[in-house]
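**Student:** For reference, this is work_28.json, and it has JSON, C-alpha atoms (C1' of nucleotides).
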[["chain", "number", "residue", "atom", "x", "y", "z"],
["A", 291, "MET", "CA", -38.07, 19.49, 145.40],
["A", 292, "PRO", "CA", -34.36, 20.30, 145.80],
["A", 293, "PHE", "CA", -33.28, 23.62, 144.44],
["A", 294, "THR", "CA", -30.21, 25.82, 144.37],
["A", 295, "LEU", "CA", -30.24, 29.52, 145.05],
["A", 296, "ALA", "CA", -27.62, 32.19, 144.37],
["A", 297, "THR", "CA", -27.25, 35.82, 145.40],
["A", 298, "TRP", "CA", -24.85, 38.23, 143.72],
["A", 299, "ASN", "CA", -24.26, 41.97, 143.82],
["A", 300, "ILE", "CA", -23.50, 42.36, 140.13],
["A", 301, "ASN", "CA", -22.69, 46.11, 140.04],
["A", 302, "SER", "CA", -24.35, 46.81, 136.68],
["A", 303, "ILE", "CA", -26.33, 44.02, 135.05],
["A", 304, "ARG", "CA", -25.86, 45.49, 131.59],
["A", 305, "LEU", "CA", -22.07, 45.74, 131.84],
["A", 306, "ARG", "CA", -21.85, 42.22, 133.26],
["A", 307, "GLU", "CA", -24.58, 40.52, 131.25],
["A", 308, "GLY", "CA", -21.98, 38.04, 129.98],
["A", 309, "GLN", "CA", -20.73, 37.23, 133.47],
["A", 310, "VAL", "CA", -24.25, 36.53, 134.71],
["A", 311, "ALA", "CA", -24.74, 34.23, 131.70],
["A", 312, "ARG", "CA", -21.44, 32.47, 132.42],
["A", 313, "LEU", "CA", -22.36, 31.92, 136.07],
["A", 314, "LEU", "CA", -25.77, 30.55, 135.09],
["A", 315, "GLN", "CA", -24.19, 28.17, 132.58],
["A", 316, "GLU", "CA", -21.43, 26.97, 134.90],
["A", 317, "GLN", "CA", -23.38, 26.68, 138.14],
["A", 318, "ALA", "CA", -27.00, 26.30, 136.99],
["A", 319, "PRO", "CA", -28.77, 27.66, 140.06],
["A", 320, "ASP", "CA", -32.55, 27.42, 139.85],
["A", 321, "VAL", "CA", -32.92, 30.98, 141.12],
["A", 322, "ILE", "CA", -30.45, 33.88, 141.20],
["A", 323, "CYS", "CA", -31.04, 37.11, 143.10],
["A", 324, "LEU", "CA", -29.09, 40.12, 141.83],
["A", 325, "GLN", "CA", -28.43, 43.48, 143.46],
["A", 326, "GLU", "CA", -27.05, 46.79, 142.16],
["A", 327, "CYS", "CA", -28.40, 46.13, 138.70],
["A", 328, "LYS", "CA", -28.07, 49.89, 138.05],
["A", 329, "SER", "CA", -30.65, 49.69, 135.30],
["A", 330, "PRO", "CA", -34.27, 50.49, 134.59],
["A", 331, "VAL", "CA", -36.19, 47.19, 134.49],
["A", 332, "ASP", "CA", -37.05, 47.56, 130.81],
["A", 333, "LYS", "CA", -33.35, 47.74, 129.88],
["A", 334, "ILE", "CA", -32.34, 44.50, 131.62],
["A", 335, "PRO", "CA", -31.16, 42.04, 128.92],
["A", 336, "THR", "CA", -33.80, 39.41, 129.70],
["A", 337, "GLU", "CA", -33.49, 37.64, 126.33],
["A", 338, "THR", "CA", -29.96, 36.42, 127.13],
["A", 339, "PHE", "CA", -31.15, 34.90, 130.39],
["A", 340, "ALA", "CA", -34.33, 33.44, 128.86],
["A", 341, "GLU", "CA", -32.26, 31.61, 126.25],
["A", 342, "LEU", "CA", -30.39, 29.93, 129.10],
["A", 343, "GLY", "CA", -33.65, 28.75, 130.61],
["A", 344, "TYR", "CA", -34.23, 31.63, 133.01],
["A", 345, "ARG", "CA", -37.57, 32.65, 131.54],
["A", 346, "HIS", "CA", -38.98, 34.24, 134.69],
["A", 347, "MET", "CA", -37.89, 37.58, 136.12],
["A", 348, "ILE", "CA", -39.24, 39.95, 138.71],
["A", 349, "ALA", "CA", -37.36, 43.19, 139.25],
["A", 350, "ARG", "CA", -37.31, 46.76, 140.49],
["A", 351, "GLY", "CA", -34.93, 49.30, 139.02],
["A", 352, "ASP", "CA", -33.62, 52.83, 139.30],
["A", 353, "LYS", "CA", -31.70, 54.56, 136.53],
["A", 354, "GLY", "CA", -28.00, 54.30, 137.37],
["A", 355, "TYR", "CA", -28.36, 53.23, 141.01],
["A", 356, "ASN", "CA", -29.62, 50.37, 143.18],
["A", 357, "GLY", "CA", -31.89, 47.81, 141.53],
["A", 358, "VAL", "CA", -32.84, 44.24, 142.47],
["A", 359, "ALA", "CA", -33.85, 41.35, 140.23],
["A", 360, "ILE", "CA", -34.72, 37.68, 140.63],
["A", 361, "LEU", "CA", -34.10, 35.44, 137.61],
["A", 362, "SER", "CA", -35.67, 31.99, 137.82],
["A", 363, "ARG", "CA", -36.03, 28.76, 135.88],
["A", 364, "LEU", "CA", -39.16, 28.11, 137.95],
["A", 365, "PRO", "CA", -42.29, 30.23, 137.75],
["A", 366, "ILE", "CA", -42.14, 33.03, 140.32],
["A", 367, "LYS", "CA", -44.85, 35.50, 141.23],
["A", 368, "GLU", "CA", -44.06, 38.92, 142.64],
["A", 369, "VAL", "CA", -45.57, 39.33, 146.09],
["A", 370, "GLY", "CA", -44.34, 42.80, 147.00],
["A", 371, "ALA", "CA", -41.57, 45.38, 147.04],
["A", 372, "GLN", "CA", -41.01, 47.37, 150.21],
["A", 373, "ASP", "CA", -39.59, 50.90, 150.40],
["A", 374, "PHE", "CA", -38.16, 50.92, 153.90],
["A", 375, "ALA", "CA", -37.04, 54.26, 155.32],
["A", 376, "ALA", "CA", -39.03, 55.89, 152.48],
["A", 377, "LEU", "CA", -35.91, 56.33, 150.36],
["A", 378, "GLY", "CA", -37.72, 55.77, 147.09],
["A", 379, "HIS", "CA", -34.96, 53.34, 146.08],
["A", 380, "ALA", "CA", -35.30, 49.96, 144.34],
["A", 381, "ARG", "CA", -33.81, 47.90, 147.18],
["A", 382, "HIS", "CA", -36.27, 45.05, 147.75],
["A", 383, "ILE", "CA", -38.41, 42.63, 145.83],
["A", 384, "ALA", "CA", -40.17, 39.50, 146.99],
["A", 385, "GLY", "CA", -41.38, 36.54, 144.95],
["A", 386, "GLU", "CA", -43.21, 33.30, 145.63],
["A", 387, "LEU", "CA", -42.43, 29.97, 143.98],
["A", 388, "GLU", "CA", -45.15, 27.46, 143.15],
["A", 389, "ASN", "CA", -44.24, 25.40, 146.22],
["A", 390, "GLY", "CA", -45.16, 28.39, 148.39],
["A", 391, "VAL", "CA", -41.61, 29.39, 149.31],
["A", 392, "VAL", "CA", -41.19, 33.17, 149.45],
["A", 393, "ILE", "CA", -37.85, 34.71, 148.44],
["A", 394, "HIS", "CA", -36.86, 38.18, 149.63],
["A", 395, "ASN", "CA", -34.07, 39.92, 147.73],
["A", 396, "PHE", "CA", -32.55, 42.92, 149.55],
["A", 397, "TYR", "CA", -29.99, 45.59, 148.82],
["A", 398, "VAL", "CA", -29.54, 47.34, 152.17],
["A", 399, "PRO", "CA", -28.13, 50.91, 151.99],
["A", 400, "ALA", "CA", -24.35, 51.01, 152.28],
["A", 401, "GLY", "CA", -24.49, 53.85, 154.78],
["A", 402, "GLY", "CA", -21.75, 56.23, 153.64],
["A", 403, "ASP", "CA", -18.32, 56.61, 155.18],
["A", 404, "VAL", "CA", -18.82, 58.04, 158.68],
["A", 405, "PRO", "CA", -20.60, 55.83, 161.24],
["A", 406, "ASP", "CA", -22.45, 58.71, 162.91],
["A", 407, "ARG", "CA", -25.98, 59.66, 161.95],
["A", 408, "GLU", "CA", -25.50, 63.21, 163.28],
["A", 409, "VAL", "CA", -22.94, 64.03, 160.59],
["A", 410, "ASN", "CA", -23.79, 61.43, 157.93],
["A", 411, "GLU", "CA", -27.41, 61.20, 156.86],
["A", 412, "LYS", "CA", -26.75, 57.98, 154.95],
["A", 413, "PHE", "CA", -25.72, 56.14, 158.10],
["A", 414, "GLY", "CA", -28.98, 57.10, 159.77],
["A", 415, "GLN", "CA", -30.91, 55.93, 156.72],
["A", 416, "LYS", "CA", -29.15, 52.56, 156.89],
["A", 417, "LEU", "CA", -30.07, 52.10, 160.55],
["A", 418, "ASP", "CA", -33.65, 53.24, 159.88],
["A", 419, "TYR", "CA", -33.90, 50.84, 156.96],
["A", 420, "LEU", "CA", -32.90, 47.94, 159.23],
["A", 421, "THR", "CA", -35.26, 49.07, 161.98],
["A", 422, "GLU", "CA", -38.17, 49.12, 159.54],
["A", 423, "MET", "CA", -37.19, 45.67, 158.24],
["A", 424, "ARG", "CA", -37.23, 44.46, 161.84],
["A", 425, "ASP", "CA", -40.64, 45.97, 162.57],
["A", 426, "TRP", "CA", -42.09, 44.58, 159.35],
["A", 427, "PHE", "CA", -40.92, 41.03, 160.07],
["A", 428, "HIS", "CA", -42.05, 41.38, 163.67],
["A", 429, "SER", "CA", -45.60, 42.37, 162.68],
["A", 430, "ASP", "CA", -45.87, 39.75, 159.92],
["A", 431, "ARG", "CA", -43.64, 36.84, 160.90],
["A", 432, "PRO", "CA", -42.40, 35.07, 157.77],
["A", 433, "GLU", "CA", -42.78, 31.32, 157.18],
["A", 434, "LYS", "CA", -41.33, 29.08, 154.47],
["A", 435, "SER", "CA", -39.20, 32.03, 153.44],
["A", 436, "ILE", "CA", -35.67, 32.74, 152.27],
["A", 437, "LEU", "CA", -34.00, 36.15, 152.57],
["A", 438, "VAL", "CA", -30.92, 36.93, 150.54],
["A", 439, "GLY", "CA", -28.96, 39.90, 149.38],
["A", 440, "ASP", "CA", -26.27, 42.46, 149.93],
["A", 441, "LEU", "CA", -27.06, 43.43, 153.51],
["A", 442, "ASN", "CA", -23.93, 45.63, 153.66],
["A", 443, "ILE", "CA", -23.08, 44.35, 157.15],
["A", 444, "ALA", "CA", -20.49, 41.76, 158.13],
["A", 445, "PRO", "CA", -21.81, 40.66, 161.54],
["A", 446, "ARG", "CA", -19.23, 38.24, 162.93],
["A", 447, "GLU", "CA", -15.61, 38.75, 163.89],
["A", 448, "ASP", "CA", -14.64, 36.12, 161.33],
["A", 449, "ASP", "CA", -16.73, 37.84, 158.64],
["A", 450, "VAL", "CA", -14.04, 40.52, 158.28],
["A", 451, "TRP", "CA", -10.28, 40.47, 157.75],
["A", 452, "SER", "CA", -9.67, 42.36, 161.01],
["A", 453, "HIS", "CA", -12.40, 42.74, 163.62],
["A", 454, "LYS", "CA", -10.35, 45.21, 165.62],
["A", 455, "GLN", "CA", -9.47, 47.42, 162.66],
["A", 456, "LEU", "CA", -13.03, 47.51, 161.35],
["A", 457, "LEU", "CA", -14.90, 48.28, 164.58],
["A", 458, "LYS", "CA", -15.32, 51.90, 163.48],
["A", 459, "VAL", "CA", -15.68, 51.16, 159.79],
["A", 460, "VAL", "CA", -19.20, 51.24, 158.32],
["A", 461, "SER", "CA", -20.36, 47.63, 157.72],
["A", 462, "HIS", "CA", -18.91, 46.23, 160.95],
["A", 463, "THR", "CA", -19.73, 48.77, 163.69],
["A", 464, "PRO", "CA", -21.46, 47.39, 166.81],
["A", 465, "ILE", "CA", -24.62, 49.43, 166.21],
["A", 466, "GLU", "CA", -25.02, 48.03, 162.70],
["A", 467, "VAL", "CA", -24.37, 44.49, 163.90],
["A", 468, "GLU", "CA", -26.98, 45.02, 166.62],
["A", 469, "HIS", "CA", -29.54, 46.33, 164.15],
["A", 470, "LEU", "CA", -28.94, 43.36, 161.86],
["A", 471, "ALA", "CA", -29.30, 40.91, 164.76],
["A", 472, "GLU", "CA", -32.62, 42.49, 165.73],
["A", 473, "THR", "CA", -33.88, 42.16, 162.17],
["A", 474, "GLN", "CA", -32.74, 38.54, 162.09],
["A", 475, "ASP", "CA", -34.42, 37.77, 165.44],
["A", 476, "ALA", "CA", -37.67, 39.50, 164.47],
["A", 477, "GLY", "CA", -38.12, 37.23, 161.46],
["A", 478, "GLY", "CA", -36.77, 34.10, 163.09],
["A", 479, "TRP", "CA", -34.13, 33.99, 160.35],
["A", 480, "VAL", "CA", -31.32, 31.44, 160.38],
["A", 481, "ASP", "CA", -28.02, 32.37, 158.73],
["A", 482, "ILE", "CA", -27.73, 29.42, 156.34],
["A", 483, "THR", "CA", -24.19, 30.22, 155.23],
["A", 484, "ARG", "CA", -22.94, 30.05, 158.81],
["A", 485, "GLN", "CA", -25.15, 27.06, 159.61],
["A", 486, "ASP", "CA", -23.22, 25.20, 156.92],
["A", 487, "ILE", "CA", -19.80, 26.81, 157.44],
["A", 488, "PRO", "CA", -19.67, 27.63, 161.17],
["A", 489, "GLU", "CA", -15.94, 28.15, 161.49],
["A", 490, "GLY", "CA", -13.34, 30.34, 159.87],
["A", 491, "GLN", "CA", -12.91, 33.53, 157.89],
["A", 492, "LEU", "CA", -15.56, 33.95, 155.21],
["A", 493, "TYR", "CA", -15.81, 36.90, 152.79],
["A", 494, "SER", "CA", -18.04, 37.79, 149.84],
["A", 495, "TRP", "CA", -16.69, 41.27, 149.00],
["A", 496, "TRP", "CA", -13.24, 42.71, 148.36],
["A", 497, "SER", "CA", -12.73, 46.42, 147.61],
["A", 498, "TYR", "CA", -11.83, 47.57, 144.13],
["A", 499, "ARG", "CA", -9.28, 49.89, 145.74],
["A", 500, "ALA", "CA", -6.82, 47.24, 146.81],
["A", 501, "ARG", "CA", -3.77, 46.87, 144.58],
["A", 502, "ASP", "CA", -4.05, 43.09, 144.75],
["A", 503, "TRP", "CA", -7.36, 42.07, 146.33],
["A", 504, "ASP", "CA", -6.49, 38.37, 146.29],
["A", 505, "ALA", "CA", -3.11, 38.70, 147.98],
["A", 506, "ALA", "CA", -4.22, 41.34, 150.50],
["A", 507, "ASP", "CA", -7.46, 39.39, 151.15],
["A", 508, "LYS", "CA", -9.02, 42.24, 153.13],
["A", 509, "GLY", "CA", -12.53, 40.96, 152.60],
["A", 510, "ARG", "CA", -15.88, 41.21, 154.33],
["A", 511, "ARG", "CA", -18.97, 38.94, 154.29],
["A", 512, "LEU", "CA", -21.64, 41.43, 153.23],
["A", 513, "ASP", "CA", -23.83, 39.05, 151.23],
["A", 514, "HIS", "CA", -26.12, 36.66, 153.05],
["A", 515, "ILE", "CA", -28.56, 33.78, 152.69],
["A", 516, "TRP", "CA", -31.07, 33.38, 155.51],
["A", 517, "ALA", "CA", -34.06, 31.08, 155.90],
["A", 518, "THR", "CA", -36.93, 30.85, 158.38],
["A", 519, "THR", "CA", -36.58, 28.17, 161.07],
["A", 520, "ASP", "CA", -39.28, 25.94, 159.52],
["A", 521, "ILE", "CA", -37.12, 25.31, 156.43],
["A", 522, "ALA", "CA", -33.63, 26.08, 157.75],
["A", 523, "ASN", "CA", -32.76, 22.40, 158.19],
["A", 524, "ALA", "CA", -33.47, 21.88, 154.49],
["A", 525, "GLY", "CA", -30.55, 24.17, 153.65],
["A", 526, "HIS", "CA", -27.15, 22.76, 152.77],
["A", 527, "SER", "CA", -24.12, 23.01, 150.48],
["A", 528, "SER", "CA", -23.44, 26.70, 151.12],
["A", 529, "ARG", "CA", -20.51, 28.18, 149.27],
["A", 530, "ILE", "CA", -19.02, 31.49, 148.16],
["A", 531, "LEU", "CA", -17.52, 31.48, 144.67],
["A", 532, "ARG", "CA", -14.39, 33.49, 145.36],
["A", 533, "ASP", "CA", -12.96, 32.70, 141.91],
["A", 534, "VAL", "CA", -15.65, 34.87, 140.31],
["A", 535, "ARG", "CA", -14.09, 37.93, 141.98],
["A", 536, "GLY", "CA", -11.03, 37.16, 139.85],
["A", 537, "TRP", "CA", -12.86, 37.19, 136.51],
["A", 538, "GLU", "CA", -11.95, 39.95, 134.06],
["A", 539, "ARG", "CA", -13.61, 43.29, 134.97],
["A", 540, "PRO", "CA", -15.38, 41.68, 137.92],
["A", 541, "SER", "CA", -18.00, 42.84, 140.35],
["A", 542, "ASP", "CA", -16.46, 43.63, 143.73],
["A", 543, "HIS", "CA", -18.78, 40.96, 145.20],
["A", 544, "ALA", "CA", -18.58, 37.19, 144.78],
["A", 545, "PRO", "CA", -21.78, 35.15, 144.40],
["A", 546, "VAL", "CA", -23.07, 33.21, 147.41],
["A", 547, "PHE", "CA", -24.88, 29.88, 146.91],
["A", 548, "ALA", "CA", -27.00, 27.52, 148.99],
["A", 549, "SER", "CA", -29.18, 24.53, 148.18],
["A", 550, "PHE", "CA", -32.49, 23.56, 149.80],
["A", 551, "ASP", "CA", -34.26, 20.19, 149.84],
["A", 552, "LEU", "CA", -37.90, 21.20, 150.09],
["B", 24, "DA", "C1'", -4.71, 60.65, 157.75],
["B", 25, "DT", "C1'", -5.27, 59.86, 153.18],
["B", 26, "DG", "C1'", -6.26, 57.86, 148.87],
["B", 27, "DG", "C1'", -6.83, 54.20, 146.45],
["B", 28, "DT", "C1'", -10.85, 51.92, 141.93],
["B", 29, "DA", "C1'", -15.19, 51.20, 139.58],
["B", 30, "DG", "C1'", -19.85, 52.33, 137.29],
["B", 31, "DA", "C1'", -23.42, 55.42, 135.41],
["B", 32, "DT", "C1'", -23.09, 59.27, 132.90],
["B", 33, "DC", "C1'", -20.66, 63.11, 130.98],
["B", 34, "DG", "C1'", -19.76, 66.71, 136.44],
["B", 35, "DT", "C1'", -20.58, 64.21, 140.16],
["B", 36, "DC", "C1'", -22.64, 60.93, 142.95],
["B", 37, "DT", "C1'", -22.44, 56.34, 145.04],
["B", 38, "DA", "C1'", -20.11, 52.45, 146.64]]
Take the structure in this file and express it as C-alpha cells.
**Tutor:**
Amino acid sequence: MPFTLATWNINSIRLREGQVARLLQEQAPDVICLQECKSPVDKIPTETFAELGYRHMIARGDKGYNGVAILSRLPIKEVGAQDFAALGHARHIAGELENGVVIHNFYVPAGGDVPDREVNEKFGQKLDYLTEMRDWFHSDRPEKSILVGDLNIAPREDDVWSHKQLLKVVSHTPIEVEHLAETQDAGGWVDITRQDIPEGQLYSWWSYRARDWDAADKGRRLDHIWATTDIANAGHSSRILRDVRGWERPSDHAPVFASFDL
DNA sequence: ATGGTAGATCGTCTA
C-alpha cells in the first residue's frame, strides 16, 4: 500500500487551521504529523479536518505550548506517548496503522539560546531528552517504523546556511549533532529526506526575525523524516514545500513530505 | 554584540 506522509511544525493549530486544511486539500497526504499545536487536545478543530477526510486523530496537548498531533485518513491507533527528560511536556505521540507501521511524532526541545548546560538549563534538557530517546530505542529496537518531527537540530553542514557561523548556535553545535546521531544509530533510523536528496543545501525552517526570509535564505533543516532500515528502501519522493513558508501569516517551518510503498 | 518577529495570553514566556 503506497502512502504519503507529511510533517509540519504548525506553530498554533487553531490560528492556522485554514492553512492545514489548504495543505491537506492541495497535497492530500494520507497522514500528517503536526508539532507546536499550542492547544489542549479538546480545542483542536477536528471537524474541519474530518470533513476533508482526515477522520482519525491522536494527539497530546499543553495549553499554549508544545503539542503534537497525527491526523490520518487511515485508521490509526495510539501506541504510546513518552515524556523523555521528565519535562511533563506534550512532545511525543506514537500511532500504529493497520498495516503494522508505527509512526513516531516528536517535538524535541529547542534548547534555549546558550549552548552550555551549566548556564542554560534548557540546553541540558535538550541533550537529556535526546539521550533518553537513544536509550529507549536501544532497549526496544524499532521495526517497521517511521519517525518524524521537529527535532530542532540541523545535523549536516548543508542543512544550514553557514556551517561555520552556526557551530556555536543552538541547533547545529557538535554536541547536539552527536546526540542526534547516537539517537539515530540506536534505532537504526535512516534519514529518508537525505536518502532521496543526498546533495545540496536543504532547509525546512527560516526565522521570523529576518527582514526578508526568502531573499536572505538563512535557513536550517530542523524537520526530519526517518525510517527503520527494514522499510527505508520503500521511501521515495521526499520534498520540502518551501512555498508554504511564503503563505500569508505563515508558520516559520515548511512542511516536509515523503512517500512509502509498503 | 545586539536585536530583530511571532504566538499564547494579557505580563511574560517560549521559540
**Student:** Chain B residues within 10 Å of chain A, counting only C-alpha atoms (C1' of nucleotides): which ones, as a PDB file with C-alpha atoms (C1' of nucleotides), in the frame of the given file?
**Tutor:**
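Result file out_17.pdb:
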ATOM      1  C1'  DG B  26      -6.260  57.860 148.870  1.00  0.00           C
ATOM      2  C1'  DG B  27      -6.830  54.200 146.450  1.00  0.00           C
ATOM      3  C1'  DT B  28     -10.850  51.920 141.930  1.00  0.00           C
ATOM      4  C1'  DA B  29     -15.190  51.200 139.580  1.00  0.00           C
ATOM      5  C1'  DG B  30     -19.850  52.330 137.290  1.00  0.00           C
ATOM      6  C1'  DA B  31     -23.420  55.420 135.410  1.00  0.00           C
ATOM      7  C1'  DT B  32     -23.090  59.270 132.900  1.00  0.00           C
ATOM      8  C1'  DC B  36     -22.640  60.930 142.950  1.00  0.00           C
ATOM      9  C1'  DT B  37     -22.440  56.340 145.040  1.00  0.00           C
ATOM     10  C1'  DA B  38     -20.110  52.450 146.640  1.00  0.00           C
TER      11       DA B  38
END
**Student:** Fewer than 3 positions away in the same chain doesn't count, so skip those; otherwise give me all residues within 8 Å of segment 445-451 of chain A, counting all atoms listed in the file, as a ChimeraX atom specification.
**Tutor:** /A:456,462,467,470,490-493,507-511
**Student:** Here is a test: counting all atoms listed in the file, which residue of A:Arg529, A:His543, A:Arg312, A:His469 is nearest to Asp418 of chain A?
**Tutor:**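 Answer, going by the shortest atom-to-atom distance: A:His469.
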**Student:** Env of Gly308 of chain A: 12 Å cut, atoms = only C-alpha atoms (C1' of nucleotides), seq-sep filter 2 positions within chain, self excluded. Answer as a compact mmCIF listing (two decimals) with C-alpha atoms, keeping the file's coordinate frame.
**Tutor:**
# COMPACT_ATOMS: atom_id res chain seq x y z
CA ILE A 300 -23.50 42.36 140.13
CA SER A 302 -24.35 46.81 136.68
CA ILE A 303 -26.33 44.02 135.05
CA ARG A 304 -25.86 45.49 131.59
CA LEU A 305 -22.07 45.74 131.84
CA ARG A 306 -21.85 42.22 133.26
CA VAL A 310 -24.25 36.53 134.71
CA ALA A 311 -24.74 34.23 131.70
CA ARG A 312 -21.44 32.47 132.42
CA LEU A 313 -22.36 31.92 136.07
CA LEU A 314 -25.77 30.55 135.09
CA GLN A 315 -24.19 28.17 132.58
CA PRO A 335 -31.16 42.04 128.92
CA THR A 336 -33.80 39.41 129.70
CA THR A 338 -29.96 36.42 127.13
CA PHE A 339 -31.15 34.90 130.39
CA LEU A 342 -30.39 29.93 129.10
CA TRP A 537 -12.86 37.19 136.51
CA GLU A 538 -11.95 39.95 134.06
CA ARG A 539 -13.61 43.29 134.97
CA PRO A 540 -15.38 41.68 137.92
**Student:** Please determine an axis-aligned box that encloses all atoms of chain B listed in the file, with 4 Å added on each side, and express its centre and edge lengths in Å to one decimal as AutoDock Vina command-line options.
**Tutor:**
--center_x -14.1 --center_y 59.0 --center_z 144.4 --size_x 26.7 --size_y 23.5 --size_z 34.8
**Student:** Rounded to one decimal in Å, what is the spacing between atom CA of Leu364 of chain A and atom CA of Gly343 of chain A?
**Tutor:** 9.2 Å
**Student:** Dump as a ChimeraX atom specification all residues having an atom at most 10 Å from (-33.9, 40.1, 148.4), computed in the file's coordinates with only C-alpha atoms (C1' of nucleotides).
**Tutor:** /A:297,323-325,358-360,371,381-385,393-398,436-441,514-515
**Student:** Just give me the gap between atom CA of Ala471 of chain A and atom CA of Arg532 of chain A in Å, one decimal is fine.
**Tutor:**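 Straight-line distance from atom CA of Ala471 of chain A to atom CA of Arg532 of chain A works out to 25.6 Å.
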**Student:** Hey, can you check how far atom CA of Phe374 of chain A sits from atom CA of Trp426 of chain A?
**Tutor:**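 One can read the atom CA of Phe374 of chain A to atom CA of Trp426 of chain A distance as 9.2 Å.
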**Student:** Point out the residue among A:Ser452, A:Ser527, A:Gln309, A:Asn299 with the least atom-to-atom distance to Asp551 of chain A, counting all atoms listed in the file.
**Tutor:**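 Nearest candidate to Asp551 of chain A out of A:Ser452, A:Ser527, A:Gln309, A:Asn299: A:Ser527.
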**Student:** Would you mind completing segment 310-324 of chain A to N, CA and C atoms and writing the output as a PDB file, keeping the file's coordinate frame?
**Tutor:**
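Output saved as result_0.pdb:
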ATOM      1  N   VAL A 310     -23.073  37.190 134.145  1.00  0.00           N
ATOM      2  CA  VAL A 310     -24.250  36.530 134.710  1.00  0.00           C
ATOM      3  C   VAL A 310     -24.547  35.263 133.895  1.00  0.00           C
ATOM      4  N   ALA A 311     -24.485  35.389 132.567  1.00  0.00           N
ATOM      5  CA  ALA A 311     -24.740  34.230 131.700  1.00  0.00           C
ATOM      6  C   ALA A 311     -23.742  33.116 131.987  1.00  0.00           C
ATOM      7  N   ARG A 312     -22.472  33.476 132.146  1.00  0.00           N
ATOM      8  CA  ARG A 312     -21.440  32.470 132.420  1.00  0.00           C
ATOM      9  C   ARG A 312     -21.718  31.749 133.744  1.00  0.00           C
ATOM     10  N   LEU A 313     -22.075  32.532 134.760  1.00  0.00           N
ATOM     11  CA  LEU A 313     -22.360  31.920 136.070  1.00  0.00           C
ATOM     12  C   LEU A 313     -23.559  30.968 135.963  1.00  0.00           C
ATOM     13  N   LEU A 314     -24.585  31.394 135.247  1.00  0.00           N
ATOM     14  CA  LEU A 314     -25.770  30.550 135.090  1.00  0.00           C
ATOM     15  C   LEU A 314     -25.421  29.251 134.365  1.00  0.00           C
ATOM     16  N   GLN A 315     -24.581  29.362 133.339  1.00  0.00           N
ATOM     17  CA  GLN A 315     -24.190  28.170 132.580  1.00  0.00           C
ATOM     18  C   GLN A 315     -23.317  27.230 133.407  1.00  0.00           C
ATOM     19  N   GLU A 316     -22.376  27.809 134.164  1.00  0.00           N
ATOM     20  CA  GLU A 316     -21.430  26.970 134.900  1.00  0.00           C
ATOM     21  C   GLU A 316     -22.006  26.381 136.169  1.00  0.00           C
ATOM     22  N   GLN A 317     -22.900  27.112 136.827  1.00  0.00           N
ATOM     23  CA  GLN A 317     -23.380  26.680 138.140  1.00  0.00           C
ATOM     24  C   GLN A 317     -24.842  26.248 138.148  1.00  0.00           C
ATOM     25  N   ALA A 318     -25.600  26.712 137.158  1.00  0.00           N
ATOM     26  CA  ALA A 318     -27.000  26.300 136.990  1.00  0.00           C
ATOM     27  C   ALA A 318     -27.855  26.382 138.257  1.00  0.00           C
ATOM     28  N   PRO A 319     -27.822  27.525 138.960  1.00  0.00           N
ATOM     29  CA  PRO A 319     -28.770  27.660 140.060  1.00  0.00           C
ATOM     30  C   PRO A 319     -30.196  27.699 139.507  1.00  0.00           C
ATOM     31  N   ASP A 320     -31.169  27.320 140.310  1.00  0.00           N
ATOM     32  CA  ASP A 320     -32.550  27.420 139.850  1.00  0.00           C
ATOM     33  C   ASP A 320     -33.036  28.864 139.911  1.00  0.00           C
ATOM     34  N   VAL A 321     -32.519  29.584 140.915  1.00  0.00           N
ATOM     35  CA  VAL A 321     -32.920  30.980 141.120  1.00  0.00           C
ATOM     36  C   VAL A 321     -31.667  31.787 141.427  1.00  0.00           C
ATOM     37  N   ILE A 322     -31.549  32.973 140.828  1.00  0.00           N
ATOM     38  CA  ILE A 322     -30.450  33.880 141.200  1.00  0.00           C
ATOM     39  C   ILE A 322     -31.039  35.252 141.514  1.00  0.00           C
ATOM     40  N   CYS A 323     -30.615  35.785 142.662  1.00  0.00           N
ATOM     41  CA  CYS A 323     -31.040  37.110 143.100  1.00  0.00           C
ATOM     42  C   CYS A 323     -29.881  38.077 142.891  1.00  0.00           C
ATOM     43  N   LEU A 324     -30.135  39.148 142.168  1.00  0.00           N
ATOM     44  CA  LEU A 324     -29.090  40.120 141.830  1.00  0.00           C
ATOM     45  C   LEU A 324     -29.384  41.447 142.511  1.00  0.00           C
TER      46      LEU A 324
END
